[in-house]
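Student: Following this line is entry15.tsv, made up of TSV, C-alpha atoms:
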chain	number	residue	atom	x	y	z
A	1	MET	CA	85.86	125.03	74.84
A	2	THR	CA	82.28	126.10	75.56
A	3	ASN	CA	79.85	127.23	72.88
A	4	GLN	CA	78.99	130.14	75.16
A	5	LEU	CA	82.45	131.58	74.66
A	6	GLN	CA	82.53	130.84	70.94
A	7	THR	CA	79.19	132.45	70.05
A	8	PRO	CA	78.02	134.52	73.01
A	9	ALA	CA	75.82	136.89	70.98
A	10	LYS	CA	73.85	133.98	69.50
A	11	GLU	CA	73.55	132.04	72.75
A	12	PHE	CA	72.46	134.94	74.94
A	13	ASP	CA	69.75	137.52	74.34
A	14	TYR	CA	71.64	140.67	75.28
A	15	GLU	CA	68.86	142.96	74.07
A	16	THR	CA	66.31	141.44	76.46
A	17	PHE	CA	68.88	141.31	79.25
A	18	ALA	CA	69.63	145.04	78.89
A	19	LEU	CA	65.95	146.01	78.87
A	20	GLU	CA	65.22	143.89	81.95
A	21	ALA	CA	68.28	145.23	83.75
A	22	ILE	CA	67.08	148.78	83.14
A	23	ALA	CA	63.52	148.00	84.27
A	24	ASN	CA	64.73	146.31	87.47
A	25	ASN	CA	67.34	148.91	88.45
A	26	GLN	CA	65.99	150.50	91.63
A	27	LYS	CA	68.55	153.34	91.48
A	28	LEU	CA	67.19	154.73	88.20
A	29	GLN	CA	64.34	157.21	88.11
A	30	PRO	CA	61.34	156.17	85.94
A	31	SER	CA	62.11	158.96	83.46
A	32	THR	CA	65.73	157.76	83.16
A	33	LYS	CA	64.57	154.18	82.58
A	34	HIS	CA	62.29	155.49	79.83
A	35	GLN	CA	65.16	157.35	78.14
A	36	TYR	CA	67.53	154.34	78.32
A	37	THR	CA	64.86	152.01	76.94
A	38	LYS	CA	63.93	154.41	74.17
A	39	ALA	CA	67.57	154.84	73.14
A	40	ILE	CA	68.28	151.10	72.86
A	41	LYS	CA	64.99	150.32	71.10
A	42	ASN	CA	65.58	153.04	68.50
A	43	TYR	CA	69.01	151.58	67.82
A	44	LEU	CA	67.66	148.02	67.55
A	45	ALA	CA	65.04	149.28	65.09
A	46	THR	CA	67.87	149.82	62.60
A	47	GLY	CA	68.41	146.05	62.53
A	48	ALA	CA	71.89	146.25	64.06
A	49	SER	CA	73.14	144.17	66.98
A	50	VAL	CA	74.00	145.55	70.41
A	51	THR	CA	77.25	143.58	70.27
A	52	ASP	CA	78.40	145.19	66.99
A	53	ASP	CA	80.75	147.98	68.06
A	54	LYS	CA	81.22	149.31	64.52
A	55	ALA	CA	77.46	149.60	63.97
A	56	LEU	CA	77.13	151.34	67.32
A	57	SER	CA	79.83	153.86	66.42
A	58	ALA	CA	78.19	154.60	63.08
A	59	TYR	CA	74.74	154.99	64.63
A	60	ALA	CA	76.06	157.26	67.38
A	61	LEU	CA	77.17	159.75	64.73
A	62	THR	CA	73.54	160.20	63.66
A	63	VAL	CA	72.01	161.09	67.05
A	64	GLY	CA	72.26	163.93	69.55
A	65	SER	CA	74.51	164.00	72.60
A	66	SER	CA	71.77	163.17	75.11
A	67	THR	CA	70.71	160.09	73.11
A	68	LYS	CA	74.37	159.06	72.89
A	69	SER	CA	74.65	159.29	76.67
A	70	PHE	CA	71.56	157.15	77.25
A	71	LEU	CA	72.68	154.57	74.67
A	72	LYS	CA	76.21	154.45	76.07
A	73	ALA	CA	74.85	153.77	79.56
A	74	THR	CA	72.74	150.89	78.22
A	75	ILE	CA	75.63	149.40	76.25
A	76	ALA	CA	77.73	149.55	79.43
A	77	ILE	CA	75.27	147.12	81.03
A	78	ILE	CA	75.72	144.71	78.12
A	79	SER	CA	79.51	144.98	78.00
A	80	LYS	CA	79.73	144.23	81.72
A	81	ARG	CA	77.61	141.11	81.16
A	82	ILE	CA	79.90	139.94	78.36
A	83	GLU	CA	82.96	140.52	80.52
A	84	HIS	CA	81.34	138.64	83.40
A	85	GLU	CA	80.55	135.66	81.14
A	86	ALA	CA	84.10	135.60	79.83
A	87	LYS	CA	85.71	135.63	83.26
A	88	SER	CA	83.30	133.21	84.92
A	89	GLY	CA	83.42	130.73	82.03
A	90	ALA	CA	87.15	130.86	81.34
A	91	THR	CA	89.23	127.66	81.57
A	92	PRO	CA	92.79	126.84	80.45
A	93	ALA	CA	91.26	125.29	77.33
A	94	ASN	CA	89.26	128.34	76.22
A	95	VAL	CA	91.41	131.20	77.52
A	96	LEU	CA	91.82	132.70	74.02
A	97	GLU	CA	88.07	132.81	73.43
A	98	ALA	CA	87.56	134.32	76.88
A	99	GLN	CA	90.13	137.00	76.12
A	100	ALA	CA	88.39	137.73	72.81
A	101	MET	CA	85.12	138.28	74.67
A	102	ILE	CA	86.82	140.69	77.05
A	103	TYR	CA	88.22	142.61	74.07
A	104	ARG	CA	84.69	142.71	72.63
A	105	ALA	CA	83.38	144.14	75.89
A	106	GLU	CA	86.06	146.84	75.83
A	107	ALA	CA	85.27	147.66	72.20
A	108	LEU	CA	81.60	148.12	73.08
A	109	GLN	CA	82.50	150.41	75.98
A	110	ASN	CA	84.53	152.60	73.60
A	111	ALA	CA	82.14	152.44	70.65
A	112	ILE	CA	80.21	155.55	71.66
A	113	THR	CA	82.03	158.75	72.52
A	114	VAL	CA	80.09	161.53	74.20
A	115	GLN	CA	81.95	164.79	73.75
A	116	ALA	CA	81.27	168.07	75.47
A	117	THR	CA	80.48	171.10	73.34
A	118	LYS	CA	83.67	172.69	72.04
A	119	GLY	CA	84.94	175.25	74.51
A	120	ALA	CA	82.54	174.11	77.25
A	121	LYS	CA	83.69	173.10	80.70
A	122	ALA	CA	83.01	169.60	81.94
A	123	HIS	CA	79.96	169.70	84.19
A	124	THR	CA	79.87	168.12	87.62
A	125	TRP	CA	76.80	166.97	89.48
A	126	LEU	CA	76.04	164.47	92.20
A	127	SER	CA	73.88	161.37	92.21
A	128	GLN	CA	71.04	161.02	94.70
A	129	ILE	CA	73.22	158.77	96.84
A	130	GLN	CA	76.05	161.33	96.83
A	131	VAL	CA	73.64	164.11	97.82
A	132	THR	CA	72.54	162.00	100.79
A	133	GLU	CA	76.18	161.41	101.73
A	134	LEU	CA	77.00	165.11	101.43
A	135	LEU	CA	74.12	166.12	103.69
A	136	ALA	CA	75.07	163.45	106.22
A	137	ALA	CA	78.67	164.73	106.20
A	138	CYS	CA	77.43	167.99	107.73
A	139	TYR	CA	76.95	166.19	111.03
A	140	THR	CA	80.51	164.88	111.28
A	141	ARG	CA	83.91	166.51	111.69
A	142	LYS	CA	86.92	165.49	109.61
A	143	SER	CA	88.19	163.70	112.70
A	144	GLY	CA	85.10	161.53	112.67
A	145	LYS	CA	83.69	163.08	115.83
A	146	PRO	CA	80.16	164.53	115.81
A	147	GLU	CA	79.92	168.10	114.56
A	148	ALA	CA	78.71	170.84	116.91
A	149	GLY	CA	74.93	171.06	116.66
A	150	ILE	CA	74.67	174.64	115.43
A	151	VAL	CA	77.42	174.16	112.83
A	152	ALA	CA	75.87	170.94	111.52
A	153	GLN	CA	72.43	172.55	111.32
A	154	ARG	CA	73.76	175.62	109.49
A	155	ASP	CA	75.88	173.63	107.01
A	156	HIS	CA	73.04	171.17	106.33
A	157	LEU	CA	70.68	174.04	105.51
A	158	ALA	CA	73.27	175.90	103.42
A	159	ILE	CA	73.82	172.87	101.20
A	160	GLY	CA	70.07	172.30	101.09
A	161	LEU	CA	69.44	175.77	99.65
A	162	LEU	CA	71.91	175.01	96.85
A	163	VAL	CA	70.99	171.43	95.99
A	164	ALA	CA	67.29	171.33	96.92
A	165	ALA	CA	66.32	174.83	95.75
A	166	GLY	CA	68.90	175.40	93.01
A	167	LEU	CA	70.06	178.77	94.35
A	168	ARG	CA	73.17	180.51	93.11
A	169	ARG	CA	75.82	181.14	95.76
A	170	GLU	CA	75.02	184.87	95.96
A	171	GLU	CA	71.29	184.14	96.09
A	172	ALA	CA	71.74	181.78	99.02
A	173	VAL	CA	73.78	184.20	101.14
A	174	ASN	CA	71.38	187.07	100.36
A	175	LEU	CA	68.22	185.10	101.18
A	176	LYS	CA	66.29	186.61	104.09
A	177	PHE	CA	63.60	185.09	106.27
A	178	SER	CA	61.22	187.71	104.87
A	179	ASP	CA	61.75	186.12	101.42
A	180	ILE	CA	60.15	182.87	102.60
A	181	GLN	CA	56.38	182.65	102.39
A	182	LEU	CA	53.47	180.23	102.29
A	183	GLN	CA	51.54	180.26	99.05
A	184	PRO	CA	48.52	178.25	97.87
A	185	ILE	CA	49.57	175.90	95.09
A	186	GLY	CA	46.93	173.47	93.88
A	187	ASP	CA	44.99	172.14	96.86
A	188	LYS	CA	47.71	172.74	99.45
A	189	MET	CA	49.86	175.45	100.94
A	190	ARG	CA	53.45	175.35	99.72
A	191	THR	CA	56.48	177.18	101.08
A	192	VAL	CA	58.14	179.28	98.38
A	193	LEU	CA	61.33	181.32	98.19
A	194	ASN	CA	61.09	184.77	96.63
A	195	VAL	CA	64.55	185.05	95.10
A	196	LYS	CA	66.12	188.10	93.51
A	197	GLY	CA	68.47	186.69	90.89
A	198	LYS	CA	70.83	188.00	88.25
A	199	GLY	CA	69.85	191.33	86.75
A	200	ALA	CA	67.45	191.98	89.63
A	201	LYS	CA	65.07	189.40	88.14
A	202	ASP	CA	62.74	187.95	90.76
A	203	ARG	CA	61.57	184.35	90.67
A	204	ILE	CA	59.54	182.10	92.93
A	205	ILE	CA	60.89	178.68	93.89
A	206	PRO	CA	58.53	176.17	95.57
A	207	ILE	CA	60.47	174.00	98.01
A	208	SER	CA	59.89	170.65	99.69
A	209	ASP	CA	58.33	170.34	103.12
A	210	GLN	CA	61.63	168.92	104.38
A	211	LEU	CA	63.61	171.99	103.30
A	212	ALA	CA	60.89	174.28	104.64
A	213	ASN	CA	61.08	172.51	108.01
A	214	ALA	CA	64.87	172.87	108.08
A	215	ILE	CA	64.52	176.62	107.48
A	216	SER	CA	61.87	176.89	110.20
A	217	GLU	CA	63.99	174.98	112.73
A	218	TRP	CA	67.02	177.14	111.90
A	219	GLY	CA	64.88	180.23	112.25
A	220	ALA	CA	64.02	179.20	115.80
A	221	VAL	CA	67.75	179.12	116.57
A	222	VAL	CA	68.73	182.46	115.00
A	223	GLY	CA	65.60	184.47	115.68
A	224	GLY	CA	63.80	184.14	112.35
A	225	THR	CA	64.72	187.60	111.03
A	226	GLY	CA	67.43	189.00	108.79
A	227	TYR	CA	69.62	186.79	106.63
A	228	VAL	CA	69.00	183.05	106.72
A	229	LEU	CA	72.63	181.93	106.47
A	230	ARG	CA	74.99	183.22	109.15
A	231	SER	CA	78.69	183.07	109.87
A	232	LEU	CA	79.88	181.27	112.99
A	233	GLY	CA	82.90	182.45	114.94
A	234	ARG	CA	85.35	180.19	116.74
A	235	SER	CA	83.20	180.40	119.84
A	236	LYS	CA	80.18	179.52	117.63
A	237	LYS	CA	78.91	183.08	117.97
A	238	LEU	CA	76.42	183.89	115.22
A	239	GLY	CA	77.18	186.65	112.76
A	240	GLU	CA	74.61	188.73	110.92
A	241	SER	CA	75.23	187.11	107.53
A	242	MET	CA	77.53	184.82	105.55
A	243	THR	CA	79.80	185.77	102.66
A	244	ALA	CA	79.74	184.02	99.29
A	245	THR	CA	83.37	182.99	99.87
A	246	ALA	CA	82.48	181.39	103.20
A	247	LEU	CA	79.71	179.41	101.50
A	248	TYR	CA	82.15	178.28	98.80
A	249	ASN	CA	84.59	177.07	101.47
A	250	LEU	CA	81.77	175.31	103.33
A	251	VAL	CA	80.82	173.32	100.22
A	252	GLN	CA	84.44	172.38	99.50
A	253	LYS	CA	84.95	171.28	103.10
A	254	ARG	CA	81.88	169.04	103.14
A	255	GLY	CA	82.56	167.84	99.60
A	256	GLY	CA	86.04	166.73	100.61
A	257	MET	CA	84.50	164.55	103.28
A	258	ILE	CA	82.78	162.44	100.60
A	259	GLY	CA	85.74	162.40	98.21
A	260	LYS	CA	84.68	165.51	96.27
A	261	ALA	CA	87.32	168.03	97.37
A	262	LYS	CA	86.77	170.21	94.29
A	263	LEU	CA	83.00	170.40	94.73
A	264	GLN	CA	81.63	173.91	94.19
A	265	PRO	CA	78.29	175.57	94.98
A	266	HIS	CA	77.45	175.72	91.27
A	267	ASP	CA	77.88	171.95	91.05
A	268	LEU	CA	75.05	171.60	93.57
A	269	ARG	CA	72.89	173.92	91.46
A	270	ARG	CA	73.61	171.69	88.46
A	271	THR	CA	72.71	168.68	90.60
A	272	PHE	CA	69.34	170.30	91.34
A	273	ALA	CA	68.76	170.62	87.59
A	274	GLN	CA	70.02	167.15	86.68
A	275	LEU	CA	68.06	165.25	89.33
A	276	GLY	CA	64.98	167.25	88.45
A	277	TYR	CA	65.38	166.33	84.79
A	278	GLU	CA	65.88	162.66	85.66
A	279	ALA	CA	62.69	162.80	87.75
A	280	GLY	CA	60.72	163.94	84.71
A	281	ILE	CA	60.52	167.70	85.34
A	282	SER	CA	60.32	169.53	82.01
A	283	ILE	CA	63.35	171.48	80.83
A	284	THR	CA	61.14	174.58	80.61
A	285	GLN	CA	60.20	174.35	84.28
A	286	ILE	CA	63.79	173.64	85.28
A	287	SER	CA	64.91	176.70	83.33
A	288	THR	CA	62.34	178.85	85.13
A	289	LEU	CA	63.30	177.54	88.58
A	290	LEU	CA	66.97	178.21	87.86
A	291	GLY	CA	66.24	181.72	86.62
A	292	HIS	CA	67.92	181.16	83.26
A	293	ALA	CA	67.41	183.77	80.57
A	294	ASN	CA	66.90	181.09	77.91
A	295	LEU	CA	66.64	177.34	77.41
A	296	GLU	CA	70.09	177.12	75.80
A	297	THR	CA	71.71	177.80	79.17
A	298	THR	CA	69.65	175.03	80.76
A	299	GLN	CA	70.60	172.69	77.91
A	300	ARG	CA	74.26	173.28	78.67
A	301	TYR	CA	73.64	172.54	82.34
A	302	LEU	CA	72.16	169.20	81.40
A	303	ASN	CA	74.46	168.48	78.45
A	304	LEU	CA	71.38	168.23	76.24
A	305	GLN	CA	71.13	168.73	72.53
A	306	ILE	CA	67.71	169.62	71.14
A	307	ASP	CA	66.72	167.62	68.07
A	308	LEU	CA	66.25	170.31	65.42
A	309	GLU	CA	65.11	167.80	62.81
A	310	LYS	CA	61.80	167.45	64.64
A	311	THR	CA	59.69	170.20	66.11
A	312	ILE	CA	56.32	170.36	67.86
A	313	SER	CA	55.07	172.34	64.86
A	314	ASP	CA	55.33	169.18	62.75
A	315	PHE	CA	52.62	167.56	64.87
A	316	ILE	CA	50.13	170.43	64.97
A	317	PRO	CA	47.20	169.96	62.51
A	318	PHE	CA	47.66	173.36	60.89
A	319	LYS	CA	46.29	173.42	57.33
As structure tokens, please, write out the structure in this file.
Tutor:
Amino acid sequence: MTNQLQTPAKEFDYETFALEAIANNQKLQPSTKHQYTKAIKNYLATGASVTDDKALSAYALTVGSSTKSFLKATIAIISKRIEHEAKSGATPANVLEAQAMIYRAEALQNAITVQATKGAKAHTWLSQIQVTELLAACYTRKSGKPEAGIVAQRDHLAIGLLVAAGLRREEAVNLKFSDIQLQPIGDKMRTVLNVKGKGAKDRIIPISDQLANAISEWGAVVGGTGYVLRSLGRSKKLGESMTATALYNLVQKRGGMIGKAKLQPHDLRRTFAQLGYEAGISITQISTLLGHANLETTQRYLNLQIDLEKTISDFIPFK
């Protein structure tokens, strides 16, 4: 029976392993790495061990939902390492110890429960990889054959307006070429969308050069006037506009091609918010870009819980 299986927590530095795994994970945004690292370090500052599921459960009750999520993700890295050690080091002689380690890994996975706000719907958003897959799916038919050029171009742009500009479904189908302008921002010219949102509230959304180019190329196809998104008949004849229902069906069709048959336009808007937050964009800016009336709505989008025990006012030298 190996000592590794008998006393894994003493023989292996799981804390350092988790921190290094986070730092070296190329799929995580720098801001996400920061949040994961901060969550685990704050927990370790209590003097508890990352392999103590009871201590983790107790600590999780004292922090907000966003911190729980970050900590749970970090603990998942550790539990997978424990399970890997158990399975790779198991022999007929130490099978009981190996099984005990696997149980420990499962206990760690279940130690922290992240619950949605009572009465709130579970939110769906895509990872960066899934967004790439969804956009690529626009160029392929369900049969696997290449999609017709004009259909692929239209669908690719439609999804882009939702996931790369954060537009609501109605905003996307009502967007006109006249709403797209160049505006000086900083030391460069940036393409912006002038969007009329809920309650006739206008907002300006700066967009990437890639999305701006896609709009420009599509404009060359459809004439560059009127509504940006257009319906396409069976003969691929362009209509004057696209309905919100047609856009909904488009998203579900392309979502189904990447295993997300229930994907909705609003999920892509949430993805815009989530990926922006992970990239370090402030919640205030995200709220403004989304056209939310208040930050609470944006919090719900991101499943965030503001820490009311601390406030900026505490750190202002007012005397």
Student: Would you mind reading off the distance between CA of Asp155 (chain A) and CA of Thr298 (chain A), one decimal, in Å?
Tutor: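 Interatomic distance, CA of Asp155 (chain A) to CA of Thr298 (chain A): 27.0 Å.
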Student: Provide the CA of Ala45 (chain A) to CA of Thr113 (chain A) distance in Å, to one decimal place.
Tutor: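 Atom-to-atom, CA of Ala45 (chain A) to CA of Thr113 (chain A), that is 20.8 Å.
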Student: Name all residues at most 12 Å from Thr225 (chain A) (count all atoms listed in the file; drop same-chain ones fewer than 2 positions away) and give them as a PDB file with C-alpha atoms, in the coordinates of the input.
Tutor:
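File part.pdb, as written:
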ATOM      1  CA  LEU A 175      68.220 185.100 101.180  1.00  0.00           C
ATOM      2  CA  LYS A 176      66.290 186.610 104.090  1.00  0.00           C
ATOM      3  CA  PHE A 177      63.600 185.090 106.270  1.00  0.00           C
ATOM      4  CA  SER A 178      61.220 187.710 104.870  1.00  0.00           C
ATOM      5  CA  ASP A 179      61.750 186.120 101.420  1.00  0.00           C
ATOM      6  CA  ILE A 180      60.150 182.870 102.600  1.00  0.00           C
ATOM      7  CA  ILE A 215      64.520 176.620 107.480  1.00  0.00           C
ATOM      8  CA  SER A 216      61.870 176.890 110.200  1.00  0.00           C
ATOM      9  CA  TRP A 218      67.020 177.140 111.900  1.00  0.00           C
ATOM     10  CA  GLY A 219      64.880 180.230 112.250  1.00  0.00           C
ATOM     11  CA  ALA A 220      64.020 179.200 115.800  1.00  0.00           C
ATOM     12  CA  VAL A 221      67.750 179.120 116.570  1.00  0.00           C
ATOM     13  CA  VAL A 222      68.730 182.460 115.000  1.00  0.00           C
ATOM     14  CA  GLY A 223      65.600 184.470 115.680  1.00  0.00           C
ATOM     15  CA  TYR A 227      69.620 186.790 106.630  1.00  0.00           C
ATOM     16  CA  VAL A 228      69.000 183.050 106.720  1.00  0.00           C
ATOM     17  CA  LEU A 229      72.630 181.930 106.470  1.00  0.00           C
ATOM     18  CA  ARG A 230      74.990 183.220 109.150  1.00  0.00           C
ATOM     19  CA  GLU A 240      74.610 188.730 110.920  1.00  0.00           C
ATOM     20  CA  SER A 241      75.230 187.110 107.530  1.00  0.00           C
TER      21      SER A 241
END
Student: For the atom pair CA of Lys236 (chain A) and CA of Gly256 (chain A), what is the interatomic distance in Å to one decimal place?
Tutor: 22.1 Å
Student: Counting all atoms listed in the file, which of A:Leu289, A:Ala60, A:Ala158, A:Ile112 gets nearest to Val192 (chain A)?
Tutor: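 Of all the options, A:Leu289 lies closest to Val192 (chain A).
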Student: Excluding Gly197 (chain A) and any residue of its chain fewer than 5 positions from it, enumerate the residues within 9 Å of it, using only C-alpha atoms, and give them as a list in words.
Tutor: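 Surrounding residues, per the criterion: Leu167, Arg168, Glu170, Glu171, Asp202, Arg203 and Gly291 of chain A.
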Student: Mind listing as a PDB file with C-alpha atoms, in the frame of the given file all residues within 8 Å of (69.0, 169.0, 82.4), counting all atoms listed in the file?
Tutor:
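Output below, filename point38.pdb:
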ATOM      1  CA  ALA A 273      68.760 170.620  87.590  1.00  0.00           C
ATOM      2  CA  GLN A 274      70.020 167.150  86.680  1.00  0.00           C
ATOM      3  CA  LEU A 275      68.060 165.250  89.330  1.00  0.00           C
ATOM      4  CA  GLY A 276      64.980 167.250  88.450  1.00  0.00           C
ATOM      5  CA  TYR A 277      65.380 166.330  84.790  1.00  0.00           C
ATOM      6  CA  GLU A 278      65.880 162.660  85.660  1.00  0.00           C
ATOM      7  CA  ILE A 283      63.350 171.480  80.830  1.00  0.00           C
ATOM      8  CA  ILE A 286      63.790 173.640  85.280  1.00  0.00           C
ATOM      9  CA  THR A 298      69.650 175.030  80.760  1.00  0.00           C
ATOM     10  CA  GLN A 299      70.600 172.690  77.910  1.00  0.00           C
ATOM     11  CA  ARG A 300      74.260 173.280  78.670  1.00  0.00           C
ATOM     12  CA  TYR A 301      73.640 172.540  82.340  1.00  0.00           C
ATOM     13  CA  LEU A 302      72.160 169.200  81.400  1.00  0.00           C
ATOM     14  CA  ASN A 303      74.460 168.480  78.450  1.00  0.00           C
ATOM     15  CA  LEU A 304      71.380 168.230  76.240  1.00  0.00           C
TER      16      LEU A 304
END
Student: A:Lys198, A:Ala86, A:Ala172, A:Val151: which is nearest Ser231 (chain A), counting all atoms listed in the file?
Tutor: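 Of all the options, A:Val151 lies closest to Ser231 (chain A).
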Student: Using only C-alpha atoms, pick whichever of A:Gly89, A:Pro184, A:Pro265, A:Pro206 has the shortest atom-to-atom distance to Ala244 (chain A).
Tutor: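 Among the listed residues, the smallest separation from Ala244 (chain A) belongs to A:Pro265.
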Student: Considering all atoms listed in the file, can you say which of A:Asp187, A:Glu133, A:Glu147, A:Asp52 comes closest to Ala105 (chain A)?
Tutor: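 Closest residue, counting all atoms listed in the file: A:Asp52.
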Student: Which residue out of A:Thr288, A:Ser79, A:Ile281, A:Val50 has the minimum interatomic distance to Ser31 (chain A) when only C-alpha atoms are used?
Tutor: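 Of the candidates, the smallest distance to Ser31 (chain A) is held by A:Ile281.
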Student: Which neighbours of Trp125 (chain A) fall inside 12 Å, counting all atoms listed in the file, when residues of the same chain fewer than 3 positions from it are skipped, and could you give them as a list of chain:residue names?
Tutor: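 Listing them by chain and then by number gives A:Ala122, A:Gln128, A:Ile129, A:Gln130, A:Val131, A:Leu162, A:Val163, A:Gly255, A:Lys260, A:Lys262, A:Leu263, A:Gln264, A:Pro265, A:His266, A:Asp267, A:Leu268, A:Arg269, A:Arg270, A:Thr271, A:Phe272, A:Ala273, A:Gln274, A:Leu275, A:Gly276, A:Tyr301, A:Leu302, A:Asn303.
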Student: For C-alpha atoms, I'd like the residues from the last selection saved as an mmCIF file, keeping the file's coordinate frame.
Tutor:
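For reference, selection-v8.cif as written:
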data_model
loop_
_atom_site.group_PDB
_atom_site.id
_atom_site.type_symbol
_atom_site.label_atom_id
_atom_site.label_comp_id
_atom_site.auth_asym_id
_atom_site.auth_seq_id
_atom_site.Cartn_x
_atom_site.Cartn_y
_atom_site.Cartn_z
ATOM 1 C CA ALA A 122 83.010 169.600 81.940
ATOM 2 C CA GLN A 128 71.040 161.020 94.700
ATOM 3 C CA ILE A 129 73.220 158.770 96.840
ATOM 4 C CA GLN A 130 76.050 161.330 96.830
ATOM 5 C CA VAL A 131 73.640 164.110 97.820
ATOM 6 C CA LEU A 162 71.910 175.010 96.850
ATOM 7 C CA VAL A 163 70.990 171.430 95.990
ATOM 8 C CA GLY A 255 82.560 167.840 99.600
ATOM 9 C CA LYS A 260 84.680 165.510 96.270
ATOM 10 C CA LYS A 262 86.770 170.210 94.290
ATOM 11 C CA LEU A 263 83.000 170.400 94.730
ATOM 12 C CA GLN A 264 81.630 173.910 94.190
ATOM 13 C CA PRO A 265 78.290 175.570 94.980
ATOM 14 C CA HIS A 266 77.450 175.720 91.270
ATOM 15 C CA ASP A 267 77.880 171.950 91.050
ATOM 16 C CA LEU A 268 75.050 171.600 93.570
ATOM 17 C CA ARG A 269 72.890 173.920 91.460
ATOM 18 C CA ARG A 270 73.610 171.690 88.460
ATOM 19 C CA THR A 271 72.710 168.680 90.600
ATOM 20 C CA PHE A 272 69.340 170.300 91.340
ATOM 21 C CA ALA A 273 68.760 170.620 87.590
ATOM 22 C CA GLN A 274 70.020 167.150 86.680
ATOM 23 C CA LEU A 275 68.060 165.250 89.330
ATOM 24 C CA GLY A 276 64.980 167.250 88.450
ATOM 25 C CA TYR A 301 73.640 172.540 82.340
ATOM 26 C CA LEU A 302 72.160 169.200 81.400
ATOM 27 C CA ASN A 303 74.460 168.480 78.450
#
Student: With distances taken over all atoms listed in the file, which residue among A:Ile82, A:Ala76, A:Met257, A:Ala148 lies nearest Ala100 (chain A)?
Tutor: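 Using all atoms listed in the file, the shortest distance to Ala100 (chain A) belongs to A:Ile82.
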Student: Can you tell me, as an MDAnalysis selection string, what residues are no more than 10 Å from His156 (chain A) when counting only C-alpha atoms, ignoring any on the same chain fewer than 6 positions away?
Tutor: chainID A and resid 134:139 150 211 214 254
